[in-house]
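K.L.:
Have a look at the structure that comes next, please.
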Amino acid sequence: MDGDNPLGEFLRARRELVRPEDVGIGAGTGLRRVRGLRREEVALLAGISADYYLRLEQGRDRNPSVQVLEALARVLRLDRDATAHLIRLAQGQGSRRSTRAARARTAPPVRVPLSIRQLIDGWAGNPAYVQTRFFDVVAVNTLAAALSPNYAPGVNLLESVFLDPAERALRRDWDDTTEEGVAILRAHTGPEVDDPRLVELVGELSVRSERFRRLWARHDVHPQRGHVVRLTHPQVGDIDLQSNKLAIGGTDGLIMVVFHAEPGSRSAELLGILGSLTAATRPAPQEDPRSTG
């Protein structure tokens, strides 16, 4: 898990990923004992002093200007999303110490709006579920449950993807899914690295998954976006579904995930078959027993 210096840890991790030749530093720079760029090279390229950059990495300066952060982002070859994350980390450092003591150590009940539960239950042809920003499933409709038993209230999807062999067999794009999932978790977290649920989740996955540890250490950041999910379902075979994630307003970070197949496609046909297979034994709509309406 990250420590008390998320800005410094992000800078160090991203610095180690930049090859010297990518920023115009040639081979004649002496024996390199570190991965990526040296601190003084980052400072020189960003137009700041080496001592100031060292203070940033060590967490001894917590108020860098946006101009300095943008200069560092250019040197570290950060995209727009990662640059925004860098700025959020810097801006969030000042408030973390004062809010940590006041943070409740037990999460309040998750409240899924009744209208959202009714909405996803009414989508007979579209798998849909609701999750927290930490990938905890809190509500799911019948067709989503038919796609995977891990689409179920109380399941953490990140844990299931990394740790459940059946989930790896289900997902033809498992490598991309795990990489994207960790980067999205970083984006959802921002500077709040001491959130109790995040600490618990990252700790569990770090112990049990070497791949998670490597991906978490990269500090990649990507916001949630629509994408295609490629599954090999044990009942209907290969099926490709568009996944769209929508923030639910008025909640504490709840996200509604909806799948659909391209109209007229083989995947749409297979999704219809899966729906018909589950219709006869349709269970009651599922919801996390910890949630309230």
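The way I read the labels, and the way they are meant: chains A, B, ... in the order of the structure tokens, residue 1 as the first residue of every chain, and ligand 1 as the first ligand shown, with later ones counted on from there.
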With DSSP run on the backbone, what are the strand (DSSP E) residues within stretch 62-286 of chain A? I'd like them as an MDAnalysis selection string.

P.N.:
chainID A and resid 128:131 137:140 227:233 237:247 255:260 286

K.L.:
With 10 Å as the cut-off and only C-alpha atoms counted, what is the closest atom pair between each nearby residue of stretch 107-209 of chain A and stretch 4-19 of chain A? Distances in Å to one decimal, ordered by chain and number, as a tab-separated table.

P.N.:
residue	atom	partner	partner_atom	distance
A:Gly190	CA	A:Pro6	CA	9.0
A:Pro191	CA	A:Pro6	CA	6.7
A:Glu192	CA	A:Pro6	CA	9.0
A:Val193	CA	A:Pro6	CA	7.4
A:Asp194	CA	A:Asp4	CA	8.4

K.L.:
I need the chosen residues saved as an mmCIF file, in the first residue's frame, with C-alpha atoms.

P.N.:
data_model
loop_
_atom_site.group_PDB
_atom_site.id
_atom_site.type_symbol
_atom_site.label_atom_id
_atom_site.label_comp_id
_atom_site.auth_asym_id
_atom_site.auth_seq_id
_atom_site.Cartn_x
_atom_site.Cartn_y
_atom_site.Cartn_z
ATOM 1 C CA GLY A 190 -6.683 10.170 -6.206
ATOM 2 C CA PRO A 191 -4.901 11.408 -3.062
ATOM 3 C CA GLU A 192 -7.173 9.419 -0.717
ATOM 4 C CA VAL A 193 -4.711 6.550 -0.394
ATOM 5 C CA ASP A 194 -5.552 6.001 3.278
#

K.L.:
Could you pull the residues within 10 Å of A:Arg77, counting only C-alpha atoms, minus those fewer than 2 positions along the same chain, as a PyMOL selection string?

P.N.:
chain A and resi 14-15+17-18+22-23+71-75+79-80+82-83

K.L.:
Excluding same-chain residues fewer than 3 positions from stretch 170-184 of chain A, what lies within 10 Å of it counting only C-alpha atoms, as number ranges by chain?

P.N.:
A: 82, 133-135, 147-148, 157-159, 161-162, 165-167, 187-189, 202, 211-225, 228-234, 237-240

K.L.:
Which neighbours of A:Ile120 fall inside 10 Å, counting only C-alpha atoms, when residues of the same chain fewer than 5 positions from it are skipped, and could you give them as JSON, numbers by chain?

P.N.:
{"A": [115, 126, 127, 128, 129, 130, 139, 140, 141, 142, 143, 144, 256, 257, 258, 285]}

K.L.:
Could you jot down the atom CA of A:Ala247 to atom CA of A:Leu274 separation for me, Å, one decimal place?

P.N.:
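For atom CA of A:Ala247 relative to atom CA of A:Leu274, the distance reads 27.2 Å.
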
K.L.:
Could you check which of A:Ile25, A:Leu185, A:Leu78, A:Val42 is closest to A:Thr132, using only C-alpha atoms?

P.N.:
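Looking at the shortest contact to A:Thr132, the residue is A:Leu185.
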
K.L.:
Can you measure atom CA of A:Leu241 to atom CA of A:Phe259 for me? One decimal in Å is fine.

P.N.:
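Separation of atom CA of A:Leu241 and atom CA of A:Phe259: 5.9 Å.
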
K.L.:
Identify, on the basis of only C-alpha atoms, every residue whose closest approach to A:Gly249 does not exceed 12 Å; exclude the query and any residue fewer than 6 positions from it along the same chain; express the result as a list of chain:residue names.

P.N.:
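Contacts, in chain order: A:Arg111, A:Val112, A:Pro113, A:Ser115, A:Ile116, A:Ile255, A:Met256.
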
K.L.:
Could you check how far atom CA of A:Ala261 sits from atom CA of A:Ala152, in Å to one decimal?

P.N.:
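For atom CA of A:Ala261 relative to atom CA of A:Ala152, the distance reads 21.0 Å.
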